[in-house]
Amino acid sequence: MRIDIPEGQHPIEYVWGDLVPGIGMAAANFSLSVYAHTTLGLREFEAARLRVAQINGCVFCLDWRTELKGEKVEEEFSDAVTEWRTTDRFDERTRMSAEYAERFTLDHHGLDDEFWDRMNRHYTQLEIVELTMSIGSWLVFGRLNHVLGLDSVCMLPGH
């Protein structure tokens with residue numbers, strides 16, 4: 001970990017809340033709102049989230065599984081996300097979601113007209129904006145936690 005955490009403090013709560021309360025709480029609220037207000041389906045939501053987590057290398061984000069409306073994706077879903085180009089487990093919306101997350105994260109300048117034509121065939125304008133904001137949230141906060149070493153100390157229970 002790259003930030004000194006006082007004895008007895010929870011690393012995420014300390015860094016995000018106590019250390020920079022004005023910024024941290026606003027960031028936390030944005031991060032939480034992506035989950036609380038999504039209109040996207042679980043599979044496309046998780047395909048994008050997991051692809052960003054895989055690229056960021058955030059241990060906590062890789063371990064996390066989103067639950068929407070009482071459902072979670074199957075355990076093998078993460079492997080399918082890694083193979084989003086060739087897997088037969090994804091419909092076109094889920095595949096586009098993983099592709100968008102990867103390209104947004106690695107080469108946002110390369111999002112060309114051909115990509116946007118395909119994206120607009122599968123997603124509404126509202127969904128594109130929502131997915132874009134979600135990917136942005138996962139990119140920055142997963143990367144922030146990984147860079148500061150917080151992801152290695154904030155594991156899910158039982159891991």
# chains A, B, ... in the order shown; residues from 1 in each chain; ligands from 1
$ closest_atom_pairs --of "segment 134-155 of chain A" --to "segment 7-31 of chain A" --cutoff "10 Å" --atoms "only C-alpha atoms" --output "Markdown table"
| residue | atom | partner | partner_atom | distance |
| --- | --- | --- | --- | --- |
| A:Ser134 | CA | A:Ser31 | CA | 8.1 |
| A:Gly136 | CA | A:Ser31 | CA | 9.7 |
| A:Ser137 | CA | A:Ser31 | CA | 6.0 |
| A:Trp138 | CA | A:Ser31 | CA | 7.7 |
| A:Val140 | CA | A:Ser31 | CA | 9.7 |
| A:Phe141 | CA | A:Ser31 | CA | 7.7 |
| A:Asn145 | CA | A:Ile12 | CA | 8.4 |
| A:Leu148 | CA | A:Val15 | CA | 9.5 |
| A:Gly149 | CA | A:Pro11 | CA | 9.6 |
| A:Leu150 | CA | A:Pro11 | CA | 6.6 |
| A:Asp151 | CA | A:Ile12 | CA | 8.7 |
| A:Val153 | CA | A:Pro11 | CA | 7.4 |
| A:Cys154 | CA | A:Ile12 | CA | 7.2 |
$ write_last_selection --atoms "N, CA and C atoms" --output "CSV table (one decimal), in the first residue's frame"
chain,number,residue,atom,x,y,z
A,134,SER,N,-20.6,4.9,-16.6
A,134,SER,CA,-20.2,3.7,-15.8
A,134,SER,C,-18.8,3.3,-16.1
A,136,GLY,N,-16.4,5.1,-17.3
A,136,GLY,CA,-15.5,6.1,-16.7
A,136,GLY,C,-15.3,6.0,-15.2
A,137,SER,N,-16.4,5.7,-14.5
A,137,SER,CA,-16.3,5.5,-13.1
A,137,SER,C,-15.4,4.3,-12.7
A,138,TRP,N,-15.7,3.2,-13.4
A,138,TRP,CA,-14.9,2.0,-13.1
A,138,TRP,C,-13.4,2.2,-13.5
A,140,VAL,N,-11.6,5.0,-13.6
A,140,VAL,CA,-10.9,5.9,-12.7
A,140,VAL,C,-10.8,5.4,-11.2
A,141,PHE,N,-11.9,4.8,-10.7
A,141,PHE,CA,-11.8,4.4,-9.3
A,141,PHE,C,-11.1,3.1,-9.1
A,145,ASN,N,-7.7,2.9,-6.9
A,145,ASN,CA,-7.5,1.9,-5.8
A,145,ASN,C,-6.3,1.0,-6.1
A,148,LEU,N,-2.9,3.1,-5.7
A,148,LEU,CA,-2.6,3.4,-4.3
A,148,LEU,C,-2.4,2.1,-3.4
A,149,GLY,N,-2.7,1.0,-4.1
A,149,GLY,CA,-2.5,-0.3,-3.3
A,149,GLY,C,-3.7,-0.6,-2.5
A,150,LEU,N,-4.8,0.1,-2.6
A,150,LEU,CA,-6.0,-0.2,-1.7
A,150,LEU,C,-6.7,-1.5,-2.1
A,151,ASP,N,-6.6,-1.9,-3.4
A,151,ASP,CA,-7.3,-3.0,-3.9
A,151,ASP,C,-6.8,-4.3,-3.2
A,153,VAL,N,-5.8,-4.7,-0.1
A,153,VAL,CA,-6.2,-4.9,1.3
A,153,VAL,C,-7.7,-4.8,1.5
A,154,CYS,N,-8.5,-4.6,0.4
A,154,CYS,CA,-9.9,-4.5,0.6
A,154,CYS,C,-10.5,-5.7,-0.2
$ select_by_dssp --residues "chain A" --states "alpha helix (DSSP H)" --output "ChimeraX atom specification"
/A:11-13,21-36,42-56,59-63,77-82,92-107,113-122,125-147
$ closest_residue --among "A:Glu83, A:Glu67, A:Glu44, A:Glu102" --to "Tyr123 of chain A" --atoms "only C-alpha atoms"
A:Glu44
$ atom_distance --atom1 "atom CA of Lys69 of chain A" --atom2 "atom CA of Ala36 of chain A"
10.7 Å
$ atom_distance --atom1 "atom CA of Ile5 of chain A" --atom2 "atom CA of Leu62 of chain A"
23.1 Å
$ atom_distance --atom1 "atom CA of Arg89 of chain A" --atom2 "atom CA of Cys61 of chain A"
21.6 Å
$ closest_residue --among "A:Ser33, A:Ser78, A:Thr132, A:Asn56" --to "Phe104 of chain A" --atoms "only C-alpha atoms"
A:Thr132
$ residues_around --residues "Thr39 of chain A" --least-positions-apart "4" --cutoff "12 Å" --atoms "only C-alpha atoms" --output "PDB file with N, CA and C atoms, in the first residue's frame"
ATOM      1  N   SER A  33     -23.686   5.507  -7.427  1.00  0.00           N
ATOM      2  CA  SER A  33     -24.845   5.821  -8.267  1.00  0.00           C
ATOM      3  C   SER A  33     -24.866   4.999  -9.545  1.00  0.00           C
ATOM      4  N   VAL A  34     -23.702   4.614 -10.046  1.00  0.00           N
ATOM      5  CA  VAL A  34     -23.623   3.772 -11.238  1.00  0.00           C
ATOM      6  C   VAL A  34     -24.370   2.454 -11.001  1.00  0.00           C
ATOM      7  N   TYR A  35     -24.255   1.920  -9.802  1.00  0.00           N
ATOM      8  CA  TYR A  35     -24.923   0.664  -9.455  1.00  0.00           C
ATOM      9  C   TYR A  35     -26.389   0.889  -9.093  1.00  0.00           C
ATOM     10  N   ARG A  43     -25.925  -8.554 -17.729  1.00  0.00           N
ATOM     11  CA  ARG A  43     -24.825  -9.102 -18.514  1.00  0.00           C
ATOM     12  C   ARG A  43     -24.008  -8.009 -19.210  1.00  0.00           C
ATOM     13  N   GLU A  44     -24.678  -7.017 -19.807  1.00  0.00           N
ATOM     14  CA  GLU A  44     -23.892  -5.967 -20.447  1.00  0.00           C
ATOM     15  C   GLU A  44     -23.203  -5.074 -19.418  1.00  0.00           C
ATOM     16  N   PHE A  45     -23.850  -4.859 -18.273  1.00  0.00           N
ATOM     17  CA  PHE A  45     -23.261  -4.092 -17.182  1.00  0.00           C
ATOM     18  C   PHE A  45     -21.977  -4.772 -16.696  1.00  0.00           C
ATOM     19  N   LEU A  68     -27.849  -7.371  -9.524  1.00  0.00           N
ATOM     20  CA  LEU A  68     -28.945  -6.505  -9.962  1.00  0.00           C
ATOM     21  C   LEU A  68     -30.243  -7.289  -9.908  1.00  0.00           C
ATOM     22  N   LYS A  69     -31.227  -6.740  -9.227  1.00  0.00           N
ATOM     23  CA  LYS A  69     -32.534  -7.374  -9.107  1.00  0.00           C
ATOM     24  C   LYS A  69     -32.431  -8.799  -8.597  1.00  0.00           C
ATOM     25  N   TYR A 123     -27.578  -0.032 -28.916  1.00  0.00           N
ATOM     26  CA  TYR A 123     -27.866   0.739 -27.709  1.00  0.00           C
ATOM     27  C   TYR A 123     -28.564   2.048 -28.052  1.00  0.00           C
ATOM     28  N   THR A 124     -29.459   2.475 -27.159  1.00  0.00           N
ATOM     29  CA  THR A 124     -30.092   3.784 -27.301  1.00  0.00           C
ATOM     30  C   THR A 124     -29.098   4.861 -26.865  1.00  0.00           C
ATOM     31  N   LEU A 126     -29.532   7.075 -24.535  1.00  0.00           N
ATOM     32  CA  LEU A 126     -29.514   7.049 -23.073  1.00  0.00           C
ATOM     33  C   LEU A 126     -28.584   5.951 -22.571  1.00  0.00           C
ATOM     34  N   GLU A 127     -28.681   4.753 -23.141  1.00  0.00           N
ATOM     35  CA  GLU A 127     -27.841   3.639 -22.702  1.00  0.00           C
ATOM     36  C   GLU A 127     -26.372   3.887 -22.996  1.00  0.00           C
ATOM     37  N   ILE A 128     -26.081   4.524 -24.121  1.00  0.00           N
ATOM     38  CA  ILE A 128     -24.683   4.835 -24.457  1.00  0.00           C
ATOM     39  C   ILE A 128     -24.097   5.804 -23.436  1.00  0.00           C
ATOM     40  N   VAL A 129     -24.841   6.831 -23.087  1.00  0.00           N
ATOM     41  CA  VAL A 129     -24.348   7.794 -22.091  1.00  0.00           C
ATOM     42  C   VAL A 129     -24.186   7.112 -20.737  1.00  0.00           C
ATOM     43  N   GLU A 130     -25.155   6.306 -20.345  1.00  0.00           N
ATOM     44  CA  GLU A 130     -25.064   5.609 -19.059  1.00  0.00           C
ATOM     45  C   GLU A 130     -23.864   4.663 -19.039  1.00  0.00           C
ATOM     46  N   LEU A 131     -23.690   3.891 -20.096  1.00  0.00           N
ATOM     47  CA  LEU A 131     -22.563   2.965 -20.165  1.00  0.00           C
ATOM     48  C   LEU A 131     -21.242   3.725 -20.156  1.00  0.00           C
ATOM     49  N   SER A 134     -20.573   4.886 -16.642  1.00  0.00           N
ATOM     50  CA  SER A 134     -20.223   3.724 -15.817  1.00  0.00           C
ATOM     51  C   SER A 134     -18.792   3.298 -16.080  1.00  0.00           C
TER      52      SER A 134
END
$ residues_around --residues "Thr66 of chain A" --least-positions-apart "2" --cutoff "8 Å" --atoms "only C-alpha atoms" --output "PyMOL selection string"
chain A and resi 42+46+64+68+72-73
$ write_last_selection --atoms "all heavy atoms" --output "mmCIF file, in the first residue's frame"
data_model
loop_
_atom_site.group_PDB
_atom_site.id
_atom_site.type_symbol
_atom_site.label_atom_id
_atom_site.label_comp_id
_atom_site.auth_asym_id
_atom_site.auth_seq_id
_atom_site.Cartn_x
_atom_site.Cartn_y
_atom_site.Cartn_z
ATOM 1 N N LEU A 42 -27.987 -6.872 -16.617
ATOM 2 C CA LEU A 42 -26.883 -7.373 -15.808
ATOM 3 C C LEU A 42 -25.693 -7.818 -16.657
ATOM 4 O O LEU A 42 -24.552 -7.493 -16.356
ATOM 5 C CB LEU A 42 -27.362 -8.544 -14.935
ATOM 6 C CG LEU A 42 -26.295 -9.243 -14.103
ATOM 7 C CD1 LEU A 42 -25.666 -8.287 -13.105
ATOM 8 C CD2 LEU A 42 -26.893 -10.456 -13.397
ATOM 9 N N GLU A 46 -22.078 -6.056 -16.398
ATOM 10 C CA GLU A 46 -20.941 -6.800 -15.863
ATOM 11 C C GLU A 46 -19.855 -7.023 -16.910
ATOM 12 O O GLU A 46 -18.673 -7.062 -16.577
ATOM 13 C CB GLU A 46 -21.381 -8.143 -15.283
ATOM 14 C CG GLU A 46 -21.867 -8.061 -13.858
ATOM 15 C CD GLU A 46 -20.766 -7.675 -12.878
ATOM 16 O OE1 GLU A 46 -20.594 -6.452 -12.647
ATOM 17 O OE2 GLU A 46 -20.077 -8.558 -12.333
ATOM 18 N N TRP A 64 -15.165 -8.752 -7.241
ATOM 19 C CA TRP A 64 -16.544 -8.292 -7.063
ATOM 20 C C TRP A 64 -17.465 -8.854 -8.135
ATOM 21 O O TRP A 64 -17.074 -8.976 -9.291
ATOM 22 C CB TRP A 64 -16.561 -6.763 -7.105
ATOM 23 C CG TRP A 64 -17.924 -6.160 -7.063
ATOM 24 C CD1 TRP A 64 -18.671 -5.757 -8.126
ATOM 25 C CD2 TRP A 64 -18.703 -5.894 -5.907
ATOM 26 N NE1 TRP A 64 -19.866 -5.241 -7.695
ATOM 27 C CE2 TRP A 64 -19.922 -5.324 -6.329
ATOM 28 C CE3 TRP A 64 -18.482 -6.097 -4.547
ATOM 29 C CZ2 TRP A 64 -20.914 -4.948 -5.439
ATOM 30 C CZ3 TRP A 64 -19.478 -5.707 -3.669
ATOM 31 C CH2 TRP A 64 -20.672 -5.148 -4.117
ATOM 32 N N LEU A 68 -27.849 -7.371 -9.524
ATOM 33 C CA LEU A 68 -28.945 -6.505 -9.962
ATOM 34 C C LEU A 68 -30.243 -7.289 -9.908
ATOM 35 O O LEU A 68 -30.327 -8.387 -10.455
ATOM 36 C CB LEU A 68 -28.716 -6.007 -11.396
ATOM 37 C CG LEU A 68 -27.529 -5.088 -11.651
ATOM 38 C CD1 LEU A 68 -27.422 -4.753 -13.136
ATOM 39 C CD2 LEU A 68 -27.653 -3.810 -10.842
ATOM 40 N N LYS A 72 -26.948 -12.449 -10.128
ATOM 41 C CA LYS A 72 -25.538 -12.246 -10.450
ATOM 42 C C LYS A 72 -25.219 -13.093 -11.674
ATOM 43 O O LYS A 72 -25.907 -14.074 -11.960
ATOM 44 C CB LYS A 72 -24.637 -12.693 -9.299
ATOM 45 C CG LYS A 72 -24.717 -11.817 -8.067
ATOM 46 C CD LYS A 72 -23.715 -12.279 -7.028
ATOM 47 C CE LYS A 72 -23.761 -11.391 -5.810
ATOM 48 N NZ LYS A 72 -22.726 -11.730 -4.831
ATOM 49 N N VAL A 73 -24.158 -12.715 -12.380
ATOM 50 C CA VAL A 73 -23.727 -13.525 -13.513
ATOM 51 C C VAL A 73 -23.110 -14.824 -13.004
ATOM 52 O O VAL A 73 -22.680 -14.907 -11.848
ATOM 53 C CB VAL A 73 -22.718 -12.772 -14.404
ATOM 54 C CG1 VAL A 73 -23.373 -11.577 -15.079
ATOM 55 C CG2 VAL A 73 -21.485 -12.363 -13.627
#
$ decode --residues "segment 72-94 of chain A" --atoms "C-alpha atoms" --output "tab-separated table (two decimals), in the first residue's frame"
chain	number	residue	atom	x	y	z
A	72	LYS	CA	-25.54	-12.25	-10.45
A	73	VAL	CA	-23.73	-13.53	-13.51
A	74	GLU	CA	-22.46	-17.11	-13.53
A	75	GLU	CA	-19.01	-17.82	-12.10
A	76	GLU	CA	-17.48	-18.46	-15.55
A	77	PHE	CA	-18.63	-15.08	-16.88
A	78	SER	CA	-15.28	-13.43	-16.18
A	79	ASP	CA	-13.51	-15.92	-18.45
A	80	ALA	CA	-16.02	-15.19	-21.22
A	81	VAL	CA	-15.34	-11.44	-20.80
A	82	THR	CA	-11.64	-12.08	-21.39
A	83	GLU	CA	-12.61	-13.84	-24.64
A	84	TRP	CA	-15.36	-11.39	-25.62
A	85	ARG	CA	-14.37	-11.46	-29.31
A	86	THR	CA	-14.87	-15.20	-29.74
A	87	THR	CA	-17.09	-16.47	-26.94
A	88	ASP	CA	-20.45	-17.96	-27.89
A	89	ARG	CA	-21.84	-17.03	-24.46
A	90	PHE	CA	-22.55	-13.38	-25.35
A	91	ASP	CA	-25.31	-11.78	-27.35
A	92	GLU	CA	-24.38	-8.75	-29.47
A	93	ARG	CA	-25.23	-6.19	-26.77
A	94	THR	CA	-22.98	-7.93	-24.25
